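Structure below is run_24.cif: mmCIF, C-alpha atoms.
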data_protein
loop_
_atom_site.label_atom_id
_atom_site.label_comp_id
_atom_site.auth_asym_id
_atom_site.auth_seq_id
_atom_site.Cartn_x
_atom_site.Cartn_y
_atom_site.Cartn_z
CA MET A 1 79.25 20.11 72.53
CA MET A 2 75.88 20.99 71.00
CA THR A 3 73.08 22.16 73.27
CA HIS A 4 69.97 20.12 72.50
CA ILE A 5 66.50 21.64 72.53
CA ASN A 6 63.60 19.49 73.66
CA LEU A 7 60.27 20.37 72.14
CA ASN A 8 57.08 18.95 73.55
CA ALA A 9 54.01 18.04 71.53
CA GLU A 10 52.47 21.45 72.10
CA GLY A 11 55.31 23.26 70.38
CA LEU A 12 56.78 24.62 73.61
CA LEU A 13 60.42 24.49 74.66
CA ASN A 14 61.61 22.41 77.56
CA ARG A 15 62.55 24.91 80.27
CA ARG A 16 65.99 23.37 80.71
CA THR A 17 67.61 25.11 77.76
CA PHE A 18 70.72 27.12 78.35
CA LEU A 19 68.90 30.41 77.97
CA GLY A 20 66.33 29.34 80.54
CA ALA A 21 62.58 29.56 80.80
CA THR A 22 62.17 33.08 79.53
CA THR A 23 63.61 32.34 76.11
CA LEU A 24 60.52 30.31 75.28
CA GLY A 25 59.29 31.33 71.92
CA MET A 26 61.58 34.32 71.47
CA ALA A 27 61.38 33.60 67.78
CA GLY A 28 57.68 34.44 67.71
CA TRP A 29 58.18 37.52 65.63
CA LYS A 30 59.84 36.72 62.31
CA GLY A 31 59.87 34.05 59.66
CA GLU A 32 58.08 35.30 56.58
CA VAL A 33 57.47 38.39 54.54
CA ILE A 34 53.96 39.82 54.38
CA ALA A 35 52.74 41.72 51.35
CA GLN A 36 53.03 45.47 51.81
CA SER A 37 49.27 45.86 51.44
CA ASP A 38 48.70 43.57 54.44
CA VAL A 39 51.23 45.48 56.53
CA LEU A 40 49.46 48.74 55.77
CA ARG A 41 46.02 47.24 56.37
CA LYS A 42 46.95 45.93 59.80
CA LYS A 43 49.34 48.65 60.84
CA GLY A 44 49.19 49.27 64.56
CA LEU A 45 46.59 46.60 65.40
CA SER A 46 47.25 44.48 68.45
CA CYS A 47 45.50 42.39 71.09
CA ILE A 48 45.66 42.08 74.88
CA LEU A 49 44.03 39.03 76.48
CA LEU A 50 43.41 39.09 80.22
CA PHE A 51 42.68 35.46 81.01
CA LEU A 52 41.05 34.62 84.35
CA LYS A 53 42.14 31.02 84.72
CA GLY A 54 39.98 28.70 86.76
CA GLY A 55 36.57 29.95 85.65
CA PRO A 56 35.39 33.30 87.05
CA SER A 57 31.82 33.46 88.26
CA GLN A 58 29.63 35.55 85.98
CA LEU A 59 27.33 36.21 88.94
CA GLU A 60 30.12 37.88 90.94
CA THR A 61 31.49 39.78 87.94
CA PHE A 62 29.28 40.96 85.08
CA ASP A 63 25.92 39.20 85.38
CA PRO A 64 24.85 39.50 89.03
CA LYS A 65 21.46 38.26 90.20
CA PRO A 66 20.85 40.16 93.46
CA GLY A 67 17.82 39.08 95.45
CA MET A 68 17.66 35.66 93.82
CA PRO A 69 18.48 32.46 95.75
CA THR A 70 21.15 31.82 93.11
CA GLY A 71 22.64 35.29 93.57
CA GLY A 72 24.14 34.84 97.00
CA PRO A 73 25.19 37.99 98.90
CA THR A 74 26.47 39.76 95.75
CA LYS A 75 24.91 43.13 95.01
CA SER A 76 24.86 45.07 91.76
CA ILE A 77 26.13 48.58 91.09
CA ALA A 78 25.46 51.16 88.41
CA THR A 79 28.02 51.78 85.67
CA SER A 80 28.97 54.57 83.27
CA THR A 81 26.52 52.97 80.82
CA PRO A 82 22.94 53.91 81.77
CA GLY A 83 20.89 50.88 82.77
CA LEU A 84 23.87 48.53 82.90
CA ARG A 85 24.72 47.07 86.31
CA ILE A 86 27.56 44.76 87.26
CA ALA A 87 28.70 43.09 90.49
CA ASP A 88 29.67 45.30 93.41
CA GLY A 89 33.23 43.95 93.48
CA TRP A 90 34.05 45.87 90.29
CA PRO A 91 33.61 49.59 91.08
CA LYS A 92 36.53 50.79 88.94
CA THR A 93 35.48 48.73 85.95
CA ALA A 94 31.98 50.16 86.36
CA LYS A 95 33.43 53.56 85.47
CA VAL A 96 34.91 52.35 82.16
CA MET A 97 31.97 50.26 80.95
CA LYS A 98 31.18 53.08 78.50
CA HIS A 99 34.30 51.99 76.61
CA VAL A 100 33.57 48.25 76.41
CA SER A 101 31.06 45.69 75.21
CA LEU A 102 29.77 43.04 77.58
CA VAL A 103 28.70 39.64 76.25
CA ARG A 104 26.62 37.81 78.84
CA THR A 105 25.70 34.74 76.81
CA ILE A 106 28.87 32.92 75.83
CA THR A 107 27.77 29.28 75.66
CA ASN A 108 29.72 26.04 75.49
CA THR A 109 29.60 22.39 76.58
CA VAL A 110 33.17 21.82 77.80
CA ALA A 111 33.33 21.85 81.61
CA GLU A 112 36.79 20.38 82.28
CA HIS A 113 39.60 22.89 82.92
CA SER A 114 42.37 21.75 80.60
CA ARG A 115 40.08 21.11 77.64
CA ALA A 116 38.21 24.38 78.15
CA VAL A 117 41.42 26.41 78.53
CA TYR A 118 42.69 24.85 75.31
CA GLN A 119 39.46 25.62 73.49
CA MET A 120 39.29 29.21 74.75
CA HIS A 121 42.81 29.80 73.45
CA THR A 122 42.55 28.02 70.10
CA GLY A 123 38.86 27.95 69.19
CA TYR A 124 39.05 24.15 68.94
CA ILE A 125 38.55 21.30 71.37
CA PRO A 126 41.61 19.04 71.80
CA MET A 127 41.90 16.63 68.90
CA GLY A 128 44.25 13.69 68.57
CA GLY A 129 46.97 14.22 66.00
CA VAL A 130 46.47 17.97 65.64
CA LYS A 131 47.97 20.55 67.99
CA PHE A 132 46.11 23.74 67.16
CA PRO A 133 47.90 27.05 67.67
CA SER A 134 46.84 29.50 70.33
CA PHE A 135 45.14 32.60 69.00
CA GLY A 136 48.19 34.57 70.10
CA SER A 137 50.36 32.50 67.77
CA THR A 138 47.88 32.98 64.95
CA VAL A 139 47.96 36.74 65.44
CA SER A 140 51.77 36.61 65.62
CA LYS A 141 51.88 34.88 62.24
CA GLU A 142 49.37 37.25 60.66
CA PHE A 143 51.01 40.38 62.03
CA VAL A 144 54.64 39.72 61.21
CA ARG A 145 56.40 43.05 61.65
CA PRO A 146 59.74 43.23 59.84
CA ASN A 147 62.73 44.45 61.82
CA ASN A 148 60.91 44.31 65.16
CA ASP A 149 63.39 42.86 67.65
CA ILE A 150 60.84 42.32 70.43
CA PRO A 151 58.76 39.10 70.22
CA SER A 152 55.32 39.57 68.72
CA PHE A 153 53.62 37.23 71.24
CA VAL A 154 54.31 37.55 74.96
CA SER A 155 52.61 35.49 77.66
CA ILE A 156 52.75 37.00 81.17
CA GLY A 157 52.26 35.20 84.46
CA THR A 158 51.66 31.74 83.00
CA SER A 159 54.87 30.15 84.36
CA GLY A 160 55.28 28.26 81.11
CA ASP A 161 51.82 26.69 81.46
CA THR A 162 50.44 28.21 78.30
CA ILE A 163 49.07 27.02 74.99
CA GLY A 164 51.84 26.96 72.43
CA ALA A 165 52.08 27.56 68.70
CA GLY A 166 50.97 24.05 67.82
CA PHE A 167 51.47 23.17 64.18
CA LEU A 168 52.55 26.72 63.33
CA GLY A 169 55.91 25.91 64.89
CA MET A 170 58.29 27.62 67.27
CA THR A 171 58.62 30.70 65.10
CA TYR A 172 55.26 31.84 66.48
CA ALA A 173 55.46 30.50 70.05
CA PRO A 174 55.16 32.89 73.00
CA LEU A 175 57.90 34.46 75.02
CA VAL A 176 56.91 33.53 78.57
CA VAL A 177 57.46 36.17 81.25
CA ASN A 178 56.87 34.57 84.65
CA ASP A 179 57.08 37.71 86.80
CA PRO A 180 56.13 41.02 85.14
CA SER A 181 57.64 43.06 87.98
CA VAL A 182 61.20 42.15 87.03
CA MET A 183 63.19 41.99 83.81
CA PRO A 184 63.07 38.62 82.03
CA LYS A 185 65.98 36.36 82.95
CA ASN A 186 68.86 35.56 80.62
CA VAL A 187 68.37 38.56 78.32
CA THR A 188 71.73 40.21 78.93
CA ILE A 189 75.22 39.22 77.85
CA SER A 190 77.58 38.33 80.70
CA ASN A 191 80.09 41.00 81.67
CA LYS A 192 82.77 38.42 80.94
CA ILE A 193 81.74 38.11 77.29
CA ASP A 194 82.01 40.99 74.82
CA VAL A 195 79.83 41.33 71.73
CA ASP A 196 82.48 39.95 69.38
CA ARG A 197 82.95 36.83 71.47
CA PHE A 198 79.18 36.42 71.71
CA SER A 199 78.95 36.62 67.90
CA ARG A 200 81.69 34.01 67.49
CA ARG A 201 79.83 31.65 69.79
CA LEU A 202 76.68 32.07 67.73
CA SER A 203 78.65 31.34 64.58
CA LEU A 204 80.02 28.15 66.12
CA LEU A 205 76.54 27.13 67.18
CA SER A 206 75.36 27.67 63.60
CA ASP A 207 78.09 25.37 62.29
CA LEU A 208 77.07 22.65 64.75
CA GLU A 209 73.42 23.06 63.80
CA ASN A 210 74.24 22.68 60.11
CA GLN A 211 76.10 19.45 60.81
CA TYR A 212 73.18 18.14 62.85
CA SER A 213 70.80 19.06 60.02
CA ILE A 214 72.83 17.11 57.48
CA MET A 215 72.60 14.08 59.77
CA GLY A 216 68.80 14.05 59.40
CA ALA A 217 67.50 16.47 62.01
CA LYS A 218 66.58 19.31 59.68
CA SER A 219 63.13 20.02 61.16
CA ARG A 220 64.51 20.27 64.71
CA VAL A 221 67.37 22.46 63.54
CA VAL A 222 64.93 24.89 61.89
CA ASP A 223 63.18 25.43 65.22
CA HIS A 224 66.50 25.57 67.09
CA LYS A 225 67.93 28.21 64.77
CA ALA A 226 64.79 30.31 64.89
CA ILE A 227 64.75 30.36 68.66
CA TYR A 228 68.40 31.09 69.28
CA SER A 229 69.07 33.54 66.48
CA ASN A 230 66.09 35.66 67.43
CA ALA A 231 66.86 35.30 71.14
CA ALA A 232 70.27 36.74 70.31
CA ASN A 233 68.63 39.69 68.59
CA LEU A 234 66.47 40.31 71.65
CA ILE A 235 69.46 40.14 73.97
CA GLN A 236 71.19 42.87 71.97
CA SER A 237 68.07 44.99 71.49
CA PRO A 238 67.95 48.55 72.85
CA ASN A 239 64.19 48.08 73.22
CA LEU A 240 64.48 45.71 76.19
CA LYS A 241 63.70 48.72 78.37
CA CYS A 242 60.01 48.23 77.58
CA PHE A 243 60.06 45.35 80.11
CA GLU A 244 61.14 47.70 82.91
CA ILE A 245 57.83 48.69 84.45
CA ASN A 246 59.68 50.25 87.38
CA LYS A 247 60.50 53.10 84.99
CA GLU A 248 56.85 54.12 85.09
CA GLU A 249 55.83 56.91 87.42
CA ASP A 250 54.65 55.78 90.86
CA LYS A 251 51.24 57.27 90.15
CA VAL A 252 50.81 55.04 87.10
CA ARG A 253 51.92 51.93 88.96
CA GLU A 254 49.56 52.72 91.83
CA THR A 255 46.71 53.14 89.36
CA TYR A 256 47.23 49.64 87.96
CA GLY A 257 47.99 48.19 91.38
CA LYS A 258 51.21 46.38 92.23
CA SER A 259 49.60 42.95 92.22
CA SER A 260 50.72 40.35 89.70
CA VAL A 261 47.77 41.09 87.42
CA GLY A 262 48.28 44.85 87.83
CA ASN A 263 51.95 44.58 86.89
CA GLY A 264 51.01 42.28 84.04
CA CYS A 265 48.48 44.68 82.55
CA LEU A 266 50.93 47.58 82.84
CA LEU A 267 53.62 45.55 81.09
CA ALA A 268 51.09 44.57 78.43
CA ARG A 269 50.43 48.23 77.65
CA ARG A 270 54.16 48.95 77.41
CA LEU A 271 54.69 45.99 75.10
CA ILE A 272 51.82 46.98 72.82
CA GLU A 273 53.32 50.46 72.56
CA GLN A 274 56.62 48.87 71.55
CA GLY A 275 54.98 46.99 68.68
CA VAL A 276 54.15 43.60 70.21
CA SER A 277 51.11 42.15 68.44
CA PHE A 278 49.62 39.92 71.15
CA VAL A 279 50.03 39.93 74.92
CA GLU A 280 48.32 37.51 77.28
CA VAL A 281 48.14 38.29 80.99
CA GLU A 282 46.97 35.45 83.20
CA SER A 283 45.23 35.82 86.55
CA GLY A 284 44.87 32.51 88.37
CA ASN A 285 42.99 30.92 91.28
CA TRP A 286 39.46 31.54 90.02
CA ASP A 287 38.41 27.91 90.64
CA THR A 288 36.21 28.60 93.65
CA HIS A 289 34.42 25.36 94.52
CA TYR A 290 34.39 26.28 98.22
CA ASP A 291 34.29 29.50 100.26
CA HIS A 292 33.52 31.20 96.99
CA PHE A 293 32.28 34.52 98.30
CA ASP A 294 35.31 35.10 100.51
CA ARG A 295 37.91 33.85 98.04
CA ILE A 296 36.64 35.89 95.13
CA LYS A 297 36.87 39.27 96.91
CA PRO A 298 40.65 39.81 96.51
CA LEU A 299 40.54 38.37 92.98
CA ASN A 300 37.80 40.81 92.01
CA SER A 301 39.57 43.74 93.65
CA GLU A 302 42.96 43.22 91.99
CA THR A 303 41.53 42.44 88.57
CA ASP A 304 39.00 45.27 88.72
CA GLN A 305 41.77 47.78 89.39
CA ALA A 306 44.13 46.41 86.75
CA PHE A 307 41.55 46.03 84.00
CA ALA A 308 39.99 49.46 84.53
CA ALA A 309 43.43 51.08 84.55
CA LEU A 310 44.36 49.31 81.32
CA ILE A 311 41.21 50.43 79.50
CA GLU A 312 41.52 54.02 80.70
CA ASP A 313 45.24 54.15 79.97
CA LEU A 314 44.83 52.82 76.42
CA ASN A 315 41.98 55.25 75.84
CA GLN A 316 43.90 58.28 77.12
CA LYS A 317 46.90 57.37 74.99
CA GLY A 318 44.71 57.11 71.91
CA ILE A 319 45.53 53.47 71.19
CA LEU A 320 42.40 51.70 72.42
CA ASP A 321 40.85 51.94 68.96
CA LYS A 322 43.79 49.90 67.59
CA THR A 323 43.96 47.39 70.44
CA LEU A 324 41.49 44.56 70.93
CA VAL A 325 41.17 43.92 74.67
CA ILE A 326 39.61 40.65 75.81
CA LEU A 327 38.72 39.68 79.38
CA MET A 328 37.55 36.09 79.78
CA GLY A 329 37.99 32.73 81.50
CA GLU A 330 37.48 29.17 80.32
CA PHE A 331 33.89 28.98 81.58
CA GLY A 332 31.58 30.42 84.24
CA ARG A 333 30.27 29.02 87.50
CA THR A 334 26.97 27.49 88.50
CA PRO A 335 24.09 29.68 89.64
CA THR A 336 23.45 26.97 92.23
CA ILE A 337 25.53 27.39 95.39
CA ASN A 338 26.92 24.07 96.59
CA PRO A 339 27.01 22.87 100.25
CA ARG A 340 30.58 24.18 100.62
CA GLN A 341 29.45 27.70 99.78
CA GLY A 342 31.07 27.41 96.39
CA ARG A 343 30.09 27.46 92.75
CA ASP A 344 31.00 24.67 90.34
CA HIS A 345 31.84 24.63 86.63
CA PHE A 346 29.21 26.11 84.31
CA PRO A 347 29.95 26.49 80.57
CA LYS A 348 26.29 26.92 79.61
CA ALA A 349 26.12 30.71 80.02
CA PHE A 350 29.02 32.94 81.03
CA SER A 351 30.35 36.44 80.42
CA MET A 352 33.15 38.07 78.46
CA ILE A 353 34.26 41.66 77.90
CA LEU A 354 35.61 43.07 74.63
CA ALA A 355 36.93 46.56 73.97
CA GLY A 356 38.77 48.54 71.33
CA ALA A 357 39.53 47.72 67.67
CA GLY A 358 36.11 48.78 66.41
CA ILE A 359 34.10 47.23 69.28
CA LYS A 360 31.21 49.33 70.57
CA GLY A 361 31.42 51.00 73.94
CA GLY A 362 28.59 50.81 76.47
CA PHE A 363 26.94 47.84 74.78
CA VAL A 364 25.53 44.57 76.12
CA LEU A 365 24.93 41.50 73.98
CA GLY A 366 22.71 38.74 75.30
CA GLU A 367 20.64 38.19 78.41
CA THR A 368 20.31 35.31 80.82
CA THR A 369 17.17 34.37 82.74
CA HIS A 370 16.36 35.91 86.11
CA ASP A 371 18.15 33.07 87.95
CA GLY A 372 21.09 32.85 85.52
CA LYS A 373 20.44 29.19 84.69
CA GLU A 374 19.49 29.66 81.06
CA ILE A 375 20.15 31.97 78.12
CA LYS A 376 17.20 34.17 77.34
CA ASN A 377 18.43 35.55 74.00
CA ASN A 378 21.45 35.90 71.73
CA PRO A 379 23.58 32.85 72.58
CA VAL A 380 27.18 33.30 71.41
CA THR A 381 29.18 30.19 70.53
CA ILE A 382 32.95 29.80 70.90
CA LYS A 383 33.36 29.64 67.13
CA ASN A 384 31.42 32.88 66.73
CA ILE A 385 33.43 34.73 69.36
CA PHE A 386 36.71 33.69 67.74
CA CYS A 387 35.40 34.91 64.39
CA THR A 388 34.58 38.15 66.20
CA PHE A 389 38.18 38.40 67.41
CA CYS A 390 39.31 37.88 63.82
CA LYS A 391 37.00 40.56 62.48
CA ALA A 392 38.25 43.09 65.03
CA LEU A 393 41.84 42.38 64.01
CA LYS A 394 41.05 42.22 60.28
CA ILE A 395 42.08 38.58 60.02
CA ASN A 396 40.28 36.27 57.60
CA PRO A 397 39.02 33.41 59.82
CA ARG A 398 38.85 31.08 56.82
CA LYS A 399 42.50 31.54 55.94
CA GLU A 400 44.31 28.22 55.80
CA ASN A 401 47.62 27.27 57.37
CA LEU A 402 49.41 24.01 56.75
CA GLY A 403 48.91 21.55 59.57
CA PRO A 404 50.24 18.03 60.10
CA LEU A 405 51.08 16.19 56.86
CA ASN A 406 50.70 19.51 55.02
CA ARG A 407 46.95 19.39 55.44
CA PRO A 408 45.34 22.86 55.16
CA ILE A 409 43.55 23.90 58.35
CA LYS A 410 41.44 27.05 58.62
CA ILE A 411 42.06 29.56 61.40
CA MET A 412 38.41 28.99 62.25
CA ASP A 413 36.54 26.28 60.36
CA GLU A 414 33.06 27.62 61.10
CA GLY A 415 31.18 30.42 62.84
CA VAL A 416 30.50 34.07 62.05
CA ALA A 417 31.45 37.32 63.74
CA GLU A 418 28.91 38.92 66.09
CA LYS A 419 28.32 42.05 64.01
CA ALA A 420 26.19 43.68 66.72
CA LEU A 421 29.36 44.21 68.77
CA PHE A 422 30.91 46.52 66.18
CA LYS A 423 30.45 50.25 65.72
#

Target encoding structure tokens, full file:
Amino acid sequence: MMTHINLNAEGLLNRRTFLGATTLGMAGWKGEVIAQSDVLRKKGLSCILLFLKGGPSQLETFDPKPGMPTGGPTKSIATSTPGLRIADGWPKTAKVMKHVSLVRTITNTVAEHSRAVYQMHTGYIPMGGVKFPSFGSTVSKEFVRPNNDIPSFVSIGTSGDTIGAGFLGMTYAPLVVNDPSVMPKNVTISNKIDVDRFSRRLSLLSDLENQYSIMGAKSRVVDHKAIYSNAANLIQSPNLKCFEINKEEDKVRETYGKSSVGNGCLLARRLIEQGVSFVEVESGNWDTHYDHFDRIKPLNSETDQAFAALIEDLNQKGILDKTLVILMGEFGRTPTINPRQGRDHFPKAFSMILAGAGIKGGFVLGETTHDGKEIKNNPVTIKNIFCTFCKALKINPRKENLGPLNRPIKIMDEGVAEKALFK
């Protein structure tokens, strides 16, 4: 009997497939041949996105306003960049600010979580009839690496709640790793099945797929074949060991911290070293509408440790200059403190950090007013920041991919890169 795959409108697999949740998007790493010149041009480039889901407060991270009524009890601390101060909950990150650029004036109008998360992953607001691909899927498509048996897009800690490949199809969807501290599930062959028997089963599955295709389900079969054939390659890959973060020295693991985000950032570094093009690590629970100042302390502490360790580790290994690192959320939080001692949604002016891949170190772009309620100079739009990502990774933002009904859709339809951020 044929195993059916259910695809939702976002281009993600239903988790009830026989390989389980962690086979989502295992095909995100093959599918087309890139010209040799492109392979050489992009050789070694990759991206790590640390996404703080829920909307981190810029005032308690990278744009503190101490002494102002809007600033609350948060203090500022000096950093390794002279004159640059950030919130006191980020002492380890303060030491690596010389390696990163801080953008304090990201500006937007979308203040609802799901729409903002979608936009900050795709560069587009949700639009009926078009499911835009996440930037990770776009990078996966652009950076196809022949003969790489590890997926080129891995999403860590999202529990399947991630933006999919959209109209690019399952070939470029993410492999979802729920818990970075353990090996992904269903990536080993049962002791009761030898390699030859496993191969025969795959051959039988292929025959069934071909019959199903002839009956009129060709498009579904294409996705099905891509997922399962490449999942099989991963299962038999000797490179699966890159997922085993427990193989790292205790000192390294302690440096990152053994929190979910710490484990995620460590796994991200290991995956990038293995040749993965795009890794997203999600940190959740940043939606602090109440008891904000108490709830944000552990979030700041864990993320500060993990992010600083990642930047320093990449730098010491000599791969930061080839790895674009992004730290961001879907929006910021209001300078005004509400009656529940919380901060509400605020897309008007929030912060983002970029590092590596030609980005300047020790640089700040943009300034907000003394109370944080307005942008004083250098507003940076969502379109512009996505064009900036593209420039860092040497991707043409105006390149077109075929969307629904074979309509060409640009990676980014407007905007320009923020050239001031580059060396």

At a cut-off of 6 Å, using all atoms listed in the file, what residues contact segment 68-85 of chain A? Leave out same-chain residues fewer than 2 positions from it and give the result as a ChimeraX atom specification. /A:65-66,87-88,94-95,97-98,335-336,362

Apply the PyMOL selection byres ((chain A and resi 324-333) around 6) to the file shown and report the selected residues as a PyMOL selection string. chain A and resi 47-53+55-58+116-117+120+323+334+343-347+350+352-357

Would you work out the distance separating atom CA of Tyr124 of chain A from atom CA of Gly157 of chain A, expressed in Å to one decimal?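 Separating atom CA of Tyr124 of chain A from atom CA of Gly157 of chain A is a distance of 23.2 Å.
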
Residue contacts of segment 291-304 of chain A (6 Å, only C-alpha atoms) excluding same-chain residues fewer than 6 positions away, as a PyMOL selection string: chain A and resi 89-90+93+341-342

Could you list the residues chosen by the PyMOL selection byres ((chain A and resi 375) around 12) in this structure as a PyMOL selection string? chain A and resi 63+103-108+347-351+365-374+376-381

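Nearest to Val182 of chain A of all the residues A:Ser114, A:Thr162, A:Asn263, A:Asn401 is A:Asn263, counting all atoms listed in the file.
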
Calculated over all atoms listed in the file, which of the candidates A:Val281, A:Phe243, A:Arg340, A:Ile382 has the smallest distance to Tyr118 of chain A? A:Ile382

Shortest interatomic distance to Pro91 of chain A - which of A:Ala309, A:Cys390, A:Met412, A:Leu266, counting all atoms listed in the file: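 Among A:Ala309, A:Cys390, A:Met412, A:Leu266, it is A:Ala309 that comes nearest to Pro91 of chain A.
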
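Closest approach to Ala308 of chain A among A:Ser181, A:Thr158, A:Thr255, A:Ser152: A:Thr255, based on all atoms listed in the file.
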
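Across the model, the gap from atom CA of Gly361 of chain A to atom CA of Arg398 of chain A is 27.3 Å.
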
Of A:Asn384, A:Thr109, A:Ser155, A:Ser134, the one nearest to Val276 of chain A when counting all atoms listed in the file is A:Ser155

Rounded to one decimal, what separation in Å do you get between atom CA of Lys360 of chain A and atom CA of Lys92 of chain A? 19.2 Å

Centre, edges in Å (one decimal): axis-aligned box, segment 364-371 of chain A, 5 Å padding on all six sides, as JSON:
{"center_x": 20.9, "center_y": 38.8, "center_z": 81.0, "size_x": 19.2, "size_y": 21.5, "size_z": 24.0}

Could you tell me which residues the PyMOL selection byres ((chain A and resi 139) around 9) grabs in this file, written as a PDB file with C-alpha atoms, keeping the file's coordinate frame?
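Output saved as selection30.pdb:
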ATOM      1  CA  SER A  46      47.250  44.480  68.450  1.00  0.00           C
ATOM      2  CA  CYS A  47      45.500  42.390  71.090  1.00  0.00           C
ATOM      3  CA  SER A 134      46.840  29.500  70.330  1.00  0.00           C
ATOM      4  CA  PHE A 135      45.140  32.600  69.000  1.00  0.00           C
ATOM      5  CA  GLY A 136      48.190  34.570  70.100  1.00  0.00           C
ATOM      6  CA  SER A 137      50.360  32.500  67.770  1.00  0.00           C
ATOM      7  CA  THR A 138      47.880  32.980  64.950  1.00  0.00           C
ATOM      8  CA  SER A 140      51.770  36.610  65.620  1.00  0.00           C
ATOM      9  CA  LYS A 141      51.880  34.880  62.240  1.00  0.00           C
ATOM     10  CA  GLU A 142      49.370  37.250  60.660  1.00  0.00           C
ATOM     11  CA  PHE A 143      51.010  40.380  62.030  1.00  0.00           C
ATOM     12  CA  VAL A 144      54.640  39.720  61.210  1.00  0.00           C
ATOM     13  CA  SER A 152      55.320  39.570  68.720  1.00  0.00           C
ATOM     14  CA  PHE A 153      53.620  37.230  71.240  1.00  0.00           C
ATOM     15  CA  TYR A 172      55.260  31.840  66.480  1.00  0.00           C
ATOM     16  CA  SER A 277      51.110  42.150  68.440  1.00  0.00           C
ATOM     17  CA  PHE A 278      49.620  39.920  71.150  1.00  0.00           C
ATOM     18  CA  CYS A 390      39.310  37.880  63.820  1.00  0.00           C
ATOM     19  CA  LEU A 393      41.840  42.380  64.010  1.00  0.00           C
ATOM     20  CA  ILE A 395      42.080  38.580  60.020  1.00  0.00           C
TER      21      ILE A 395
END

Between A:Asn246, A:Pro180, A:Leu267, A:Gly166, single out the one closest to Thr122 of chain A, counting all atoms listed in the file. A:Gly166
